[in-house]
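Visitor: Dropping in query-v2.txt, with compact mmCIF, C-alpha atoms and all ligand atoms.
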```txt
# COMPACT_ATOMS: atom_id res chain seq x y z
CA GLN A 873 28.32 -0.56 31.59
CA LYS A 874 24.94 -2.26 31.20
CA ALA A 875 23.26 0.94 32.41
CA GLU A 876 25.12 2.90 29.73
CA TRP A 877 23.91 0.49 27.07
CA ALA A 878 20.32 0.63 28.33
CA LYS A 879 20.24 4.36 27.55
CA LEU A 880 20.80 3.46 23.90
CA LYS A 881 17.74 1.23 23.75
CA ASN A 882 15.48 3.65 21.92
CA GLU A 883 18.23 5.44 20.02
CA ALA A 884 18.95 5.01 16.35
CA THR A 885 22.31 3.45 15.47
CA VAL A 886 24.57 6.16 14.11
CA THR A 887 28.34 6.18 13.64
CA ALA A 888 30.52 8.88 15.22
CA ASP A 889 30.61 10.64 11.83
CA GLY A 890 26.84 10.58 11.40
CA HIS A 891 26.12 7.55 9.23
CA PRO A 892 23.07 5.49 10.21
CA VAL A 893 23.17 1.68 10.13
CA GLU A 894 20.45 -0.74 11.15
CA LEU A 895 20.81 -3.21 14.01
CA GLY A 896 18.46 -6.16 13.80
CA ALA A 897 17.86 -9.27 15.83
CA ASN A 898 17.99 -12.92 14.85
CA ILE A 899 14.98 -14.76 16.25
CA GLY A 900 13.66 -18.33 16.25
CA THR A 901 10.11 -17.96 17.58
CA PRO A 902 7.40 -15.28 17.55
CA LYS A 903 7.92 -14.86 21.32
CA ASP A 904 11.49 -13.70 20.68
CA ALA A 905 10.21 -10.63 18.81
CA THR A 906 9.23 -8.76 21.98
CA GLY A 907 12.62 -9.61 23.51
CA ALA A 908 14.25 -8.20 20.40
CA VAL A 909 12.39 -4.90 20.74
CA ASP A 910 13.20 -4.80 24.47
CA ASN A 911 16.87 -5.13 23.56
CA GLY A 912 16.72 -2.21 21.16
CA ALA A 913 16.32 -4.02 17.83
CA GLU A 914 15.47 -1.72 14.93
CA ALA A 915 14.52 -4.70 12.80
CA ILE A 916 14.34 -8.45 12.63
CA GLY A 917 17.20 -9.34 10.33
CA LEU A 918 16.53 -13.06 10.44
CA TYR A 919 13.51 -15.00 11.62
CA ARG A 920 14.45 -18.68 11.34
CA THR A 921 11.07 -20.24 10.56
CA GLU A 922 12.30 -23.83 10.76
CA PHE A 923 11.57 -23.88 14.50
CA LEU A 924 7.88 -23.64 13.64
CA TYR A 925 8.25 -26.97 11.84
CA MET A 926 10.37 -28.72 14.47
CA GLY A 927 9.37 -30.59 17.64
CA ARG A 928 5.97 -31.71 16.32
CA ASP A 929 4.59 -34.62 14.29
CA ALA A 930 3.13 -32.91 11.21
CA PHE A 931 3.67 -29.81 9.09
CA PRO A 932 2.27 -26.60 10.60
CA THR A 933 -0.95 -25.65 8.80
CA GLU A 934 -1.33 -22.49 6.76
CA GLU A 935 -3.45 -20.98 9.56
CA GLU A 936 -0.84 -21.77 12.22
CA GLN A 937 1.80 -20.14 10.08
CA VAL A 938 -0.28 -17.04 9.38
CA GLU A 939 -0.69 -16.68 13.13
CA ALA A 940 3.05 -17.01 13.85
CA TYR A 941 4.18 -14.63 11.10
CA SER A 942 1.48 -12.09 11.95
CA ALA A 943 2.53 -12.15 15.60
CA VAL A 944 6.10 -11.27 14.68
CA LEU A 945 5.05 -8.53 12.26
CA LYS A 946 2.67 -7.00 14.79
CA ALA A 947 5.29 -7.10 17.55
CA MET A 948 7.70 -5.27 15.24
CA ASP A 949 5.11 -2.55 14.62
CA GLY A 950 6.15 -1.61 11.08
CA LYS A 951 9.87 -2.16 11.55
CA PRO A 952 11.63 -4.20 8.84
CA THR A 953 11.09 -7.93 9.42
CA VAL A 954 13.09 -10.41 7.37
CA VAL A 955 11.48 -13.83 7.44
CA ARG A 956 13.58 -16.66 6.08
CA THR A 957 11.72 -19.47 4.38
CA LEU A 958 12.21 -23.00 5.65
CA ASP A 959 15.87 -23.98 6.08
CA ILE A 960 15.59 -27.65 6.94
CA GLY A 961 17.97 -30.49 6.11
CA GLY A 962 21.64 -30.48 6.95
CA ASP A 963 21.64 -31.08 10.69
CA LYS A 964 18.00 -30.02 11.15
CA GLU A 965 15.63 -32.95 10.64
CA LEU A 966 11.85 -33.23 10.79
CA THR A 967 10.61 -36.51 12.26
CA TYR A 968 7.54 -36.49 9.99
CA LEU A 969 9.54 -35.87 6.82
CA ASP A 970 11.34 -38.88 5.46
CA LEU A 971 14.37 -37.30 3.85
CA PRO A 972 16.84 -39.45 1.93
CA LYS A 973 19.93 -40.43 3.93
CA GLU A 974 22.81 -38.56 2.40
CA LEU A 975 26.57 -38.91 2.76
CA ASN A 976 27.05 -35.14 3.06
CA PRO A 977 23.80 -33.62 4.31
CA PHE A 978 25.26 -30.10 4.44
CA LEU A 979 25.96 -30.40 0.73
CA GLY A 980 22.69 -32.14 0.03
CA LEU A 981 18.97 -31.61 -0.29
CA ARG A 982 18.38 -28.82 2.21
CA ALA A 983 16.76 -25.40 2.52
CA ILE A 984 15.63 -23.89 -0.81
CA ARG A 985 16.64 -27.08 -2.64
CA LEU A 986 14.18 -29.08 -0.57
CA CYS A 987 11.49 -26.40 -0.82
CA LEU A 988 11.70 -26.41 -4.62
CA GLU A 989 11.53 -30.23 -4.55
CA MET A 990 8.39 -30.05 -2.38
CA PRO A 991 6.47 -27.12 -3.88
CA ASP A 992 3.20 -27.86 -2.08
CA MET A 993 4.88 -27.54 1.30
CA PHE A 994 6.70 -24.41 0.13
CA ARG A 995 3.57 -22.82 -1.35
CA THR A 996 1.78 -23.21 1.98
CA GLN A 997 4.52 -21.25 3.71
CA LEU A 998 4.58 -18.55 1.02
CA ARG A 999 0.81 -18.20 1.14
CA ALA A 1000 0.93 -17.81 4.92
CA LEU A 1001 3.66 -15.17 4.62
CA LEU A 1002 1.70 -13.24 2.01
CA ARG A 1003 -1.46 -13.33 4.10
CA ALA A 1004 0.46 -12.13 7.18
CA SER A 1005 2.17 -9.34 5.21
CA VAL A 1006 -0.63 -6.83 5.82
CA HIS A 1007 0.39 -6.70 9.50
CA GLY A 1008 3.80 -5.10 9.05
CA ASN A 1009 6.92 -4.59 6.99
CA LEU A 1010 7.62 -8.08 5.65
CA LYS A 1011 10.70 -9.05 3.67
CA ILE A 1012 10.91 -12.61 2.39
CA MET A 1013 14.35 -14.24 2.26
CA PHE A 1014 15.37 -17.52 0.64
CA PRO A 1015 18.16 -19.58 2.26
CA MET A 1016 21.02 -21.44 0.54
CA ILE A 1017 20.59 -19.91 -2.90
CA ALA A 1018 23.38 -21.22 -5.16
CA THR A 1019 22.12 -20.22 -8.61
CA LEU A 1020 20.01 -17.52 -10.19
CA GLU A 1021 17.58 -20.18 -11.44
CA GLU A 1022 16.80 -21.19 -7.86
CA PHE A 1023 16.03 -17.60 -6.97
CA ARG A 1024 13.85 -17.14 -10.03
CA ALA A 1025 11.96 -20.37 -9.36
CA ALA A 1026 11.33 -19.45 -5.74
CA LYS A 1027 10.27 -15.91 -6.61
CA ALA A 1028 7.93 -17.24 -9.32
CA LEU A 1029 6.13 -19.32 -6.68
CA VAL A 1030 5.70 -16.20 -4.53
CA MET A 1031 4.22 -14.35 -7.50
CA GLU A 1032 1.87 -17.23 -8.34
CA GLU A 1033 0.58 -17.44 -4.77
CA LYS A 1034 0.17 -13.68 -4.71
CA GLU A 1035 -2.00 -13.82 -7.82
CA LYS A 1036 -4.08 -16.63 -6.38
CA LEU A 1037 -4.70 -14.62 -3.23
CA ALA A 1038 -5.66 -11.59 -5.29
CA ALA A 1039 -8.17 -13.73 -7.18
CA GLU A 1040 -9.63 -14.78 -3.81
CA SER A 1041 -9.78 -11.09 -2.77
CA ILE A 1042 -7.39 -11.72 0.11
CA ALA A 1043 -5.30 -8.67 0.95
CA VAL A 1044 -1.52 -8.82 0.51
CA SER A 1045 0.98 -6.01 1.07
CA ASP A 1046 2.26 -4.55 -2.19
CA SER A 1047 5.67 -3.57 -0.80
CA ILE A 1048 7.20 -6.92 0.14
CA GLU A 1049 10.90 -7.09 -0.67
CA ILE A 1050 12.25 -10.46 -1.81
CA GLY A 1051 15.89 -11.20 -1.09
CA ILE A 1052 18.35 -13.99 -0.56
CA MET A 1053 20.91 -15.21 1.89
CA VAL A 1054 24.44 -15.17 0.54
CA GLU A 1055 25.93 -18.20 2.20
CA ILE A 1056 27.29 -20.16 -0.75
CA PRO A 1057 30.46 -18.90 -2.47
CA SER A 1058 28.99 -19.18 -6.00
CA THR A 1059 26.36 -16.62 -5.04
CA ALA A 1060 28.90 -14.25 -3.49
CA VAL A 1061 30.99 -14.41 -6.66
CA MET A 1062 27.91 -13.79 -8.83
CA ALA A 1063 26.51 -11.06 -6.58
CA ASP A 1064 26.64 -8.45 -9.36
CA THR A 1065 24.29 -10.58 -11.45
CA PHE A 1066 21.99 -11.44 -8.54
CA ALA A 1067 21.84 -7.77 -7.51
CA LYS A 1068 19.89 -6.92 -10.65
CA GLU A 1069 17.03 -9.24 -9.60
CA VAL A 1070 16.94 -9.47 -5.80
CA ASP A 1071 15.75 -6.67 -3.52
CA PHE A 1072 18.42 -7.32 -0.88
CA PHE A 1073 21.19 -9.62 0.29
CA SER A 1074 21.82 -10.93 3.78
CA ILE A 1075 25.22 -12.55 4.19
CA GLY A 1076 25.04 -15.76 6.21
CA THR A 1077 28.61 -16.04 7.38
CA ASN A 1078 27.99 -19.16 9.49
CA ASP A 1079 27.57 -21.14 6.30
CA LEU A 1080 29.59 -18.90 3.97
CA ILE A 1081 32.71 -19.52 6.06
CA GLN A 1082 32.09 -23.26 6.23
CA TYR A 1083 31.56 -23.56 2.47
CA THR A 1084 34.41 -21.23 1.50
CA MET A 1085 36.96 -22.85 3.79
CA ALA A 1086 35.53 -26.36 3.24
CA ALA A 1087 35.45 -26.81 7.01
CA ASP A 1088 32.33 -28.12 8.76
CA ARG A 1089 31.14 -25.41 11.15
CA MET A 1090 30.54 -28.04 13.88
CA ASN A 1091 33.71 -30.08 13.44
CA GLU A 1092 36.27 -29.36 16.16
CA ASN A 1093 39.00 -31.16 14.25
CA VAL A 1094 39.03 -28.44 11.64
CA SER A 1095 37.88 -25.52 13.75
CA TYR A 1096 41.18 -23.73 13.08
CA LEU A 1097 39.93 -23.24 9.52
CA TYR A 1098 36.73 -21.58 10.64
CA GLN A 1099 38.09 -18.05 10.12
CA PRO A 1100 35.69 -15.12 9.94
CA TYR A 1101 38.60 -12.70 9.46
CA ASN A 1102 40.19 -14.64 6.64
CA PRO A 1103 40.73 -12.13 3.80
CA ALA A 1104 38.97 -14.58 1.47
CA ILE A 1105 35.78 -14.07 3.47
CA LEU A 1106 36.25 -10.31 3.74
CA ARG A 1107 36.83 -9.96 0.01
CA MET A 1108 33.63 -11.86 -0.70
CA VAL A 1109 31.72 -9.68 1.75
CA LYS A 1110 33.02 -6.62 -0.08
CA MET A 1111 31.96 -8.04 -3.45
CA VAL A 1112 28.44 -8.57 -2.19
CA ILE A 1113 28.06 -5.14 -0.57
CA ASP A 1114 29.51 -3.31 -3.59
CA ALA A 1115 27.34 -5.28 -6.01
CA SER A 1116 24.18 -4.44 -4.08
CA HIS A 1117 24.98 -0.75 -3.81
CA LYS A 1118 25.72 -0.53 -7.51
CA GLU A 1119 22.10 -1.57 -8.15
CA GLY A 1120 20.67 0.60 -5.38
CA LYS A 1121 19.97 -2.42 -3.14
CA TRP A 1122 21.01 -3.08 0.45
CA THR A 1123 23.11 -5.74 2.16
CA GLY A 1124 22.78 -7.08 5.66
CA MET A 1125 24.59 -9.78 7.56
CA CYS A 1126 22.87 -12.29 9.81
CA GLY A 1127 25.69 -14.71 10.61
CA GLU A 1128 27.45 -14.60 13.99
CA MET A 1129 30.13 -12.38 12.48
CA ALA A 1130 27.71 -9.41 12.37
CA GLY A 1131 27.87 -9.07 16.16
CA ASP A 1132 31.59 -9.63 16.51
CA GLU A 1133 33.62 -6.81 18.03
CA ILE A 1134 36.57 -7.21 15.65
CA ALA A 1135 34.37 -7.70 12.57
CA ILE A 1136 32.08 -4.70 13.20
CA PRO A 1137 34.67 -1.99 12.38
CA ILE A 1138 35.65 -3.84 9.19
CA LEU A 1139 32.03 -4.33 8.11
CA LEU A 1140 31.25 -0.69 8.82
CA GLY A 1141 34.16 0.35 6.60
CA LEU A 1142 32.94 -1.98 3.86
CA GLY A 1143 29.56 -0.25 3.93
CA LEU A 1144 27.35 -2.98 5.40
CA ASP A 1145 23.83 -1.54 5.78
CA GLU A 1146 22.29 -3.87 8.35
CA PHE A 1147 23.80 -5.99 11.12
CA SER A 1148 21.61 -8.74 12.55
CA MET A 1149 22.63 -10.57 15.70
CA SER A 1150 21.34 -12.18 18.87
CA ALA A 1151 19.18 -9.66 20.69
CA SER A 1152 21.50 -9.60 23.70
CA SER A 1153 24.37 -8.24 21.56
CA ILE A 1154 22.49 -5.27 20.08
CA LEU A 1155 23.08 -2.55 22.68
CA LYS A 1156 26.76 -3.37 22.97
CA ALA A 1157 27.10 -3.17 19.19
CA ARG A 1158 25.20 0.14 19.11
CA GLU A 1159 27.58 1.60 21.66
CA GLN A 1160 30.62 0.36 19.72
CA ILE A 1161 29.31 1.73 16.41
CA SER A 1162 28.48 5.12 17.95
CA LYS A 1163 32.19 5.53 18.72
CA LEU A 1164 33.47 4.47 15.31
CA SER A 1165 33.92 6.71 12.28
CA LYS A 1166 32.70 5.05 9.12
CA ALA A 1167 34.97 7.20 6.94
CA GLU A 1168 37.98 6.28 9.04
CA MET A 1169 37.13 2.58 8.90
CA ALA A 1170 36.63 2.83 5.14
CA SER A 1171 40.11 4.33 4.83
CA HIS A 1172 41.54 1.08 6.25
CA THR A 1173 39.57 -1.24 3.99
CA GLU A 1174 42.06 -1.51 1.17
CA ARG A 1175 44.93 -2.33 3.52
CA ILE A 1176 42.88 -4.85 5.48
CA LEU A 1177 41.78 -6.68 2.35
CA ALA A 1178 45.37 -6.85 1.15
CA LEU A 1179 46.52 -8.63 4.32
CA ALA A 1180 47.54 -12.26 3.92
CA THR A 1181 46.02 -14.07 6.90
CA ALA A 1182 43.16 -13.94 9.38
CA GLU A 1183 45.66 -13.37 12.16
CA GLU A 1184 47.10 -10.32 10.42
CA VAL A 1185 43.60 -8.91 10.05
CA GLU A 1186 42.82 -9.43 13.71
CA THR A 1187 46.08 -7.80 14.80
CA TYR A 1188 45.51 -4.85 12.45
CA VAL A 1189 42.01 -4.15 13.73
CA LYS A 1190 43.09 -4.42 17.37
CA GLU A 1191 45.82 -1.88 16.69
CA ILE A 1192 43.54 0.71 15.09
CA MET A 1193 41.01 0.35 17.90
C1 LIG A 1201 24.22 -18.42 8.39
O1 LIG A 1201 24.44 -19.43 7.73
O2 LIG A 1201 25.08 -17.55 8.61
C2 LIG A 1201 22.89 -18.19 8.98
C3 LIG A 1201 22.58 -17.03 9.56
O3 LIG A 1201 21.99 -19.19 8.93
P1 LIG A 1201 22.01 -20.47 9.89
O4 LIG A 1201 22.98 -20.16 11.01
O5 LIG A 1201 20.61 -20.63 10.34
O6 LIG A 1201 22.49 -21.54 8.97
MG MG A 1202 22.87 -20.73 7.02
```
Can I see the file as structure tokens?
Ligand code: PEP
Ligand code: MG

Guide:
Amino acid sequence: QKAEWAKLKNEATVTADGHPVELGANIGTPKDATGAVDNGAEAIGLYRTEFLYMGRDAFPTEEEQVEAYSAVLKAMDGKPTVVRTLDIGGDKELTYLDLPKELNPFLGLRAIRLCLEMPDMFRTQLRALLRASVHGNLKIMFPMIATLEEFRAAKALVMEEKEKLAAESIAVSDSIEIGIMVEIPSTAVMADTFAKEVDFFSIGTNDLIQYTMAADRMNENVSYLYQPYNPAILRMVKMVIDASHKEGKWTGMCGEMAGDEIAIPILLGLGLDEFSMSASSILKAREQISKLSKAEMASHTERILALATAEEVETYVKEIM
């Protein structure tokens, strides 16, 4: 079976009825980028930059960051590369950053909220990203966006840093897309409004499920509520994809669900454009997708979304496969 998959390494991902989709990799370090390409990745759908900030005793400098981001962009050789800005807080702490102790850190000052609170730190990362952008096909993505104001504020900082670099005659790519993760229900519900201003969405189901079901993604006591196939999640995913397409934008998914065998046929039917997963899952997903008809999967969408429970969804998909 592995040998069969290996043949697909340099192939595009196309459904049985001829529709292309993009399979990307989720990575945590620049070194992972070569592994992603070796596993057949057509893109990086999520580069989690927080690892660059962790396991050290001070913030990474602008130069260090330029080096890391450039390395990833060069390794991807022009392929789409979605770099997520710092997603710290929650369970991810930095020893050198004295964050307030919070009762509910996952609902607290984390990710984009923290970056907007600490604009100097954030500007350094944005500047490094902009400087690295000349080495490839960079897309900047903000995590944990809950309101349009947050997106606008973050984007404004990108634009300001871009202007500063231009004034210093430092080259910056002029085709950088700026998008957001959809991992908070308010943003999924408001996707039609966001779609007018963002360049793309990437659905972060790891958090979207936890926040929609109000069940901590790490808490075993409530793990029965952690339901990727819950119709509530699927309906939100549909809202996001439809909203983006209506504005001529694209939607990816970079949560674990994107590489899930049961979820893939559903997501294909819903029209998801990009699936980003751990590199080791890519070839298997490519093989699965090559055998699925997008039109046929789309014909099941309405019935699947009308089902009442996650279990019914799972049973339905297993039956049609
Ligand atoms: C997600 O929330 O789905 C996601 C991809 O981000 P992380 O797992 O890093 O929170
Ligand atoms: Mg997340």

Visitor: Could the residues that lie within 7 Å of ligand MG 1202 (chain A), counting all atoms listed in the file, be listed as a count of residues only?

Guide: 6

Visitor: Could you check which of A:Glu1092, A:Glu974, A:Glu1032, A:Asp1145 is closest to Ile1075 in chain A, using all atoms listed in the file?

Guide: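 The closest residue to Ile1075 in chain A is A:Asp1145.
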
Visitor: Taking all atoms listed in the file into account, which of A:Met1111, A:Leu1001, A:Met1193, A:Leu1080 comes nearest ligand LIG 1201 (chain A)?

Guide: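 Once distances to ligand LIG 1201 (chain A) are computed over all atoms listed in the file, the minimum belongs to A:Leu1080.
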
Visitor: Could you name the residues that touch range 900-907 of chain A at 7 Å or less, counting all atoms listed in the file, but leaving out those on the same chain fewer than 2 positions away, as a list of chain:residue names?

Guide: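 Residues near the query, excluding close chain neighbours: A:Val909, A:Asp910, A:Asn911, A:Tyr919, A:Arg920, A:Thr921, A:Phe923, A:Ala940, A:Ala943, A:Val944, A:Ala947, A:Met948.
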
Visitor: Can you list, as a PyMOL selection string, every protein, DNA or RNA residue that comes within 10 Å of range 1173-1184 of chain A when you count all atoms listed in the file, leaving out same-chain residues fewer than 6 positions away?

Guide: chain A and resi 1097+1099-1107+1110+1137-1142+1190

Visitor: Would you mind telling me which residue in A:Pro1057, A:Gly1051, A:Pro932, A:Gly1127 lies nearest to ligand LIG 1201 (chain A) when using only C-alpha atoms and all ligand atoms?

Guide: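 Between A:Pro1057, A:Gly1051, A:Pro932, A:Gly1127, the residue approaching ligand LIG 1201 (chain A) most closely is A:Gly1127.
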
Visitor: Counting all atoms listed in the file, I want the residues whose atoms come within 8 Å of (6.3, -31.2, 11.0) in the file frame, returned as number ranges by chain.

Guide: A: 925-932, 966-969

Visitor: Which residue gives the smallest distance to Glu1146 in chain A among A:Ile1113, A:Ile1052, A:Ile960, A:Leu1020, with only C-alpha atoms counted?

Guide: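 The closest residue to Glu1146 in chain A is A:Ile1113.
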
Visitor: Could you check how far CA of Arg982 in chain A sits from CA of Gly961 in chain A, in Å to one decimal?

Guide: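 Going from CA of Arg982 in chain A over to CA of Gly961 in chain A covers 4.3 Å.
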
Visitor: For ligand LIG 1201 (chain A), which of A:Pro952, A:Gly1124, A:Gly1008, A:Pro991 is the closest residue, counting only C-alpha atoms and all ligand atoms?

Guide: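 Result for the nearest residue to ligand LIG 1201 (chain A): A:Gly1124.
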
Visitor: Which centre and which edge lengths, in Å to one decimal, describe the axis-aligned box that holds all listed atoms of range 877-886 of chain A after 4 Å is added on each side, as AutoDock Vina command-line options?

Guide:
```
--center_x 20.0 --center_y 3.3 --center_z 21.2 --size_x 17.1 --size_y 13.7 --size_z 22.2
```

Visitor: What does the distance from CA of Gly890 in chain A to CA of Ala1157 in chain A come to in Å, to one decimal?

Guide: 15.8 Å

Visitor: I need the residue nearest Phe1073 in chain A from this list: A:Ser1165, A:Thr1187, A:Gln873, A:Thr1123. Use all atoms listed in the file for the distance.

Guide: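 Smallest separation from Phe1073 in chain A among the options: A:Thr1123.
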
Visitor: Could you tell me how far CA of Asp949 in chain A lies from CA of Glu1049 in chain A, in Å and to one decimal?

Guide: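 Those two atoms sit 17.0 Å apart.
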
Visitor: For Leu1037 in chain A, work out the shell of residues within 9 Å, counting all atoms listed in the file and skipping chain neighbours fewer than 5 positions away, then give it as a list in words.

Guide: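 Final neighbour list, sorted by chain and number: Arg999, Leu1002, Arg1003, Glu1032, Ile1042, Ala1043 and Val1044 of chain A.
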
Visitor: May I have the protein, DNA and RNA residues with any atom at most 12 Å from the point (23.0, -11.6, -13.5), counting only C-alpha atoms, written as a JSON list (two decimals) with C-alpha atoms, in the frame of the given file?

Guide:
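Dumped to point.json:
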```json
[["chain", "number", "residue", "atom", "x", "y", "z"],
["A", 1019, "THR", "CA", 22.12, -20.22, -8.61],
["A", 1020, "LEU", "CA", 20.01, -17.52, -10.19],
["A", 1021, "GLU", "CA", 17.58, -20.18, -11.44],
["A", 1023, "PHE", "CA", 16.03, -17.60, -6.97],
["A", 1024, "ARG", "CA", 13.85, -17.14, -10.03],
["A", 1059, "THR", "CA", 26.36, -16.62, -5.04],
["A", 1060, "ALA", "CA", 28.90, -14.25, -3.49],
["A", 1061, "VAL", "CA", 30.99, -14.41, -6.66],
["A", 1062, "MET", "CA", 27.91, -13.79, -8.83],
["A", 1063, "ALA", "CA", 26.51, -11.06, -6.58],
["A", 1064, "ASP", "CA", 26.64, -8.45, -9.36],
["A", 1065, "THR", "CA", 24.29, -10.58, -11.45],
["A", 1066, "PHE", "CA", 21.99, -11.44, -8.54],
["A", 1067, "ALA", "CA", 21.84, -7.77, -7.51],
["A", 1068, "LYS", "CA", 19.89, -6.92, -10.65],
["A", 1069, "GLU", "CA", 17.03, -9.24, -9.60],
["A", 1070, "VAL", "CA", 16.94, -9.47, -5.80],
["A", 1115, "ALA", "CA", 27.34, -5.28, -6.01],
["A", 1116, "SER", "CA", 24.18, -4.44, -4.08],
["A", 1119, "GLU", "CA", 22.10, -1.57, -8.15]]
```

Visitor: Please identify all polymer residues within 8 Å of Phe994 in chain A, counting only C-alpha atoms, omitting same-chain residues fewer than 5 positions from it, and present them as a ChimeraX atom specification.

Guide: /A:958,987-988

Visitor: Could you give me range 1018-1035 of chain A completed to N, CA and C atoms, formatted as a PDB file, keeping the file's coordinate frame?

Guide:
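rebuild.pdb, freshly written:
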```
ATOM      1  N   ALA A1018      22.090 -20.974  -4.490  1.00  0.00           N
ATOM      2  CA  ALA A1018      23.380 -21.220  -5.160  1.00  0.00           C
ATOM      3  C   ALA A1018      23.381 -20.737  -6.603  1.00  0.00           C
ATOM      4  N   THR A1019      22.193 -20.651  -7.203  1.00  0.00           N
ATOM      5  CA  THR A1019      22.120 -20.220  -8.610  1.00  0.00           C
ATOM      6  C   THR A1019      20.958 -19.239  -8.796  1.00  0.00           C
ATOM      7  N   LEU A1020      21.063 -18.481  -9.862  1.00  0.00           N
ATOM      8  CA  LEU A1020      20.010 -17.520 -10.190  1.00  0.00           C
ATOM      9  C   LEU A1020      18.696 -18.249 -10.514  1.00  0.00           C
ATOM     10  N   GLU A1021      18.804 -19.424 -11.123  1.00  0.00           N
ATOM     11  CA  GLU A1021      17.580 -20.180 -11.440  1.00  0.00           C
ATOM     12  C   GLU A1021      16.795 -20.523 -10.179  1.00  0.00           C
ATOM     13  N   GLU A1022      17.508 -20.886  -9.117  1.00  0.00           N
ATOM     14  CA  GLU A1022      16.800 -21.190  -7.860  1.00  0.00           C
ATOM     15  C   GLU A1022      16.041 -19.974  -7.376  1.00  0.00           C
ATOM     16  N   PHE A1023      16.708 -18.815  -7.418  1.00  0.00           N
ATOM     17  CA  PHE A1023      16.030 -17.600  -6.970  1.00  0.00           C
ATOM     18  C   PHE A1023      14.798 -17.318  -7.831  1.00  0.00           C
ATOM     19  N   ARG A1024      14.978 -17.432  -9.139  1.00  0.00           N
ATOM     20  CA  ARG A1024      13.850 -17.140 -10.030  1.00  0.00           C
ATOM     21  C   ARG A1024      12.692 -18.099  -9.797  1.00  0.00           C
ATOM     22  N   ALA A1025      13.013 -19.379  -9.584  1.00  0.00           N
ATOM     23  CA  ALA A1025      11.960 -20.370  -9.360  1.00  0.00           C
ATOM     24  C   ALA A1025      11.211 -20.069  -8.062  1.00  0.00           C
ATOM     25  N   ALA A1026      11.963 -19.734  -7.026  1.00  0.00           N
ATOM     26  CA  ALA A1026      11.330 -19.450  -5.740  1.00  0.00           C
ATOM     27  C   ALA A1026      10.476 -18.182  -5.828  1.00  0.00           C
ATOM     28  N   LYS A1027      11.016 -17.166  -6.481  1.00  0.00           N
ATOM     29  CA  LYS A1027      10.270 -15.910  -6.610  1.00  0.00           C
ATOM     30  C   LYS A1027       8.993 -16.128  -7.447  1.00  0.00           C
ATOM     31  N   ALA A1028       9.100 -16.970  -8.475  1.00  0.00           N
ATOM     32  CA  ALA A1028       7.930 -17.240  -9.320  1.00  0.00           C
ATOM     33  C   ALA A1028       6.801 -17.853  -8.486  1.00  0.00           C
ATOM     34  N   LEU A1029       7.163 -18.721  -7.536  1.00  0.00           N
ATOM     35  CA  LEU A1029       6.130 -19.320  -6.680  1.00  0.00           C
ATOM     36  C   LEU A1029       5.473 -18.248  -5.807  1.00  0.00           C
ATOM     37  N   VAL A1030       6.281 -17.307  -5.321  1.00  0.00           N
ATOM     38  CA  VAL A1030       5.700 -16.200  -4.530  1.00  0.00           C
ATOM     39  C   VAL A1030       4.698 -15.446  -5.391  1.00  0.00           C
ATOM     40  N   MET A1031       5.091 -15.130  -6.610  1.00  0.00           N
ATOM     41  CA  MET A1031       4.220 -14.350  -7.500  1.00  0.00           C
ATOM     42  C   MET A1031       2.930 -15.112  -7.816  1.00  0.00           C
ATOM     43  N   GLU A1032       3.061 -16.424  -8.043  1.00  0.00           N
ATOM     44  CA  GLU A1032       1.870 -17.230  -8.340  1.00  0.00           C
ATOM     45  C   GLU A1032       0.904 -17.242  -7.158  1.00  0.00           C
ATOM     46  N   GLU A1033       1.450 -17.419  -5.961  1.00  0.00           N
ATOM     47  CA  GLU A1033       0.580 -17.440  -4.770  1.00  0.00           C
ATOM     48  C   GLU A1033      -0.054 -16.074  -4.549  1.00  0.00           C
ATOM     49  N   LYS A1034       0.696 -15.029  -4.860  1.00  0.00           N
ATOM     50  CA  LYS A1034       0.170 -13.680  -4.710  1.00  0.00           C
ATOM     51  C   LYS A1034      -1.041 -13.477  -5.635  1.00  0.00           C
ATOM     52  N   GLU A1035      -0.900 -13.951  -6.866  1.00  0.00           N
ATOM     53  CA  GLU A1035      -2.000 -13.820  -7.820  1.00  0.00           C
ATOM     54  C   GLU A1035      -3.226 -14.612  -7.384  1.00  0.00           C
TER      55      GLU A1035
END
```
